[in-house]
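Here the structure comes first, spelled out in structure tokens, and everything after it is commentary.
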Amino acid sequence: MRSETPVAVQLKDYQAPDYFIERTVLDFDLYDDHSTVTAELTVLRNSDKGSDLPPLVLDGQELELLSVSIDGQELPSSAYQVSDNHLTLQPQTKRFVLRTQVRIHPESNTALEGLYRSGKMFCTQCEAEGFRKITYYLDRPDVMSAFTTTVRADKQRFPVLLSNGNPVAQGEEGARHWATWEDPFKKPAYLFALVAGDLWCVEDSFTTMSQREVALRIYVEPENLGKVQHAMDSLKKSMKWDEEVYGREYDLDIFMIVAVSDFNMGAMENKGLNIFNSSCVLASPETATDAAHQRVEAVVAHEYFHNWSGNRVTCRDWFQLSLKEGFTVFRDAEFSADMNSRTVKRIEDVVFLRTNQFAEDAGPMAHPIRPDSYIEISNFYTLTVYEKGSEVVRMLRTLLGADGFRKGSDLYFERHDGQAVTCDDFIKAMEDANGADLSQFKRWYSQAGTPRLAVSSYYDKASAEYTLTFQQSCPATPGQSEKLPFVIPVQMALLSADGEHLPLQLKGEDSAQGCERVLAVSEAEQSFTFVGIEAEPLPSLLRSFSAPVKMSVEYSREQLLALMQHDSDGFNRWEAAQQLQLAILNGLIAAVQAGKTLKSDPQLAEVFAGLLADSSLDQAMLAEMLSLPSEALLAELAEVADVEAIHQAREFLRKALAQALYAPMWQRYQALRAQSREQAYAADAEQIARRSLQGKLLAYLMLTEKTEVKAACVEQFEQAHNMTERLNALACLVNSSFAAEKAQALAQFAEHFKDDALVMDQWFSVQAGSVCPGTLNQVKALMQHPAFSFKNPNKIRALIGGFCAQNPIHFHAADGEGYRFLADQVIALNALNPQIASRLLTPLTRWRKYAPARQAQMRAELERIRASGGLSKDVFEVVSKSLA
Ligand code: 0A1
Ligand code: ZN
């Protein structure tokens, strides 16, 4: 792959481009054994940078240059230089048309970046720097151009030829045909897309708020036509929501989505032609779980929302990635909250953030949401840039209020439409629209790490004053040893002993300002004193998780129980239950470590019994309350993660709860299952909540190994009319000791779904996640299964990723076999698909979390990867930073 050590790109070195490309006219001639790309670029000197004519340095990788001409004159090879990454030539005028012709090989492109084959079709993925694998170009987001694209291919095998914008012409030439597309909106090359294939489409339309008719088309391979309705519904809802909530209207006459089977990420927001991983667009009740349905809805919305937050207003450079991604994740999260249960969505997102992004923030790849440097930008499509970036935008809204935030986003879109801008520009629009000073808030963009927020309180009965004191700090992260205080919005309330939410008046204020407010903690230590508090209150802090911090508050068990019962903030009711569960689990983990026999704590069972008996409690909420913190979260929270102790403690508690609550759980489960049988499937909030609770209950019940439960599980597996119930039952069987039922269910499932790649992915990941002994060998055996392919990212994620990232007890097996397995896969994938290889590596980067013996084993595998030679930039960066 490479020979020299890759160098890092630095934000501080950013310079505007020397040249712009006004117009881009592309012509693709697609064949089975090669393709040719002709590019006519109208190049213009950037006049802001002077009137001299520096060399034009175009990006290009893995291109075979066939010809170069300027203004119609072919250049001799002495007039330009070609290197591995560039084509350099000397312009003679400040504006000229450069024409190049290159040959490329999509048919052997396994990295799935640039133009590649996915099954029978051709498709592209250009973000971040894939366009340079298609033609020589100024492949950077601040070079925006109007594109016209002609695609030529065999008529029969590729009847559908698509690109960005509107179709303007088409024709035939013998066995081949062509189509020309024109995109009137200037865009950076990373938003370019092309598709050619035998695709069918489902068509619909949307009338925008100014009464324009937009054609909506979702293209899939013919066998998948029955699985696009949910995506189409989601698209229409997204279009409507963005008009209502952000005032954003769609701008072209046509919006297309294409589903492809081989895709490195979830989906891509190419202008007017979104390309999707099929897993994020296809869904039917029989083949996709509720979670998959919700993911389709969220990803369709996310990509659609990018049309404004990303395409109309794009990023100046890749350090600004969170400008479009953090904002768009925030937008899609709010959309999902509006479409489904707001509290449940928030709980899910916070669990995900705490488990995964906090771990990233604590590891060797930690970076601010706007990184200062990178070796390979593909490595920075991270949980930090996306998820923490979204939390930062959420905090802005919390601080500015919903109306102020909307004023800010309106100004941002209006001011920067058609531009490539920075995170600072976003903040400036928020400031200008609100007359606010966000200079200290901006530290969230430049400082990495998860802040700690310690809270203490003091009540003075005599003066009826209650003081909350916050102390913030932030651990060192690579390259940042000292941190300055953040602005942390703490949304809060105070509860009286009987659960009333008290009016909140800060000392110095004339009157109380409601029963909930946001305290902006901006100093290292800061106190807030409330007056008129007649008895010591119970604080409800960081409501709805108002900041991505690790807060520590000393609550007694009684206080947690009171919060669970009375807090008007649903998130904090759940959070109180979590804290109680964590306290109990930590006690059990300590007991395992001390070699004591584990004793069950009756309190949690009592609480659960109360929850199960409370018929007023929302089922979705109940399901969330009954979910114990995962082993991964417990590991993240521990100083040193003791994998076995965590697993034993958690399994012990789950079994104890299942035994103590058998009767109410069994009764409730049966009632829910009966309801499922009678109702046709719908992916709506109410049914999803019901199935979620049913799934949680079945998992508990199966731990009792009772025959009646086993029979019910088999019944649910065999008779369910939807994939959610079927897969839940399968997972329970796979994790049980009922060997015969397990084998039979797995075989039956595979036989039934062998031709459905996405369903087989679920079959792979259920097995990869099994807690039963022998899972690694099973995973290795499954790699030989005909439905597995090392070239398909979904398969790798399902099976190898499923094992390494979702199965801690086996991945961290004491003999180090899990680590060795992962390193072997990374070494093999490095040459085939560097992006996937690098992502797969994540669990090994967390070596510092474990005890010395495991640390040594994990490091040794990282060293082995480093020594294996020929590392891609992607893998090199992660391995070298992990070992630094
Ligand atoms: N912008 C897309 C994600 C994406 C990023 C990189 C890709 O290839 C390296 C592909 C997709 C999104 O946020 O949805
Ligand atoms: Zn995105």
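Please note that chains go A, B, ... in the order of the structure tokens, that every chain numbers its residues from 1, and that ligands are numbered from 1 in the order shown.
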Per residue of region 267-329 of chain A within 9 Å of region 132-140 of chain A, note the shortest atom pair and the distance in Å to one decimal, counting only C-alpha atoms, and order the rows by chain and increasing residue number, as CSV.
```
residue,atom,partner,partner_atom,distance
A:Arg316,CA,A:Arg140,CA,8.2
A:Asp317,CA,A:Arg140,CA,6.9
A:Trp318,CA,A:Arg140,CA,8.3
```
Contact residues around Gln10 (chain A) with only C-alpha atoms at 8 Å, ignoring same-chain residues under 6 positions, as a list in words: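 Residues near the query, excluding close chain neighbours: Asp372, Ser373 and Tyr374 of chain A.
As for CA of Ala128 (chain A) and CA of Glu863 (chain A), they are spaced 28.4 Å apart.
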At a cut-off of 7 Å and counting only C-alpha atoms and all ligand atoms, what residues surround ligand 2? Please answer as a list in words.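 Sorted by chain and then by number, the residues are His302, Glu303, His306, Lys324, Glu325, Thr328 and Val329 of chain A.
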Please run DSSP on the backbone and report, as number ranges by chain, all residues within region 626-792 of chain A that come out as alpha helix (DSSP H). A: 631-637, 643-660, 662-678, 685-702, 707-719, 723-734, 739-753, 757-768, 775-782
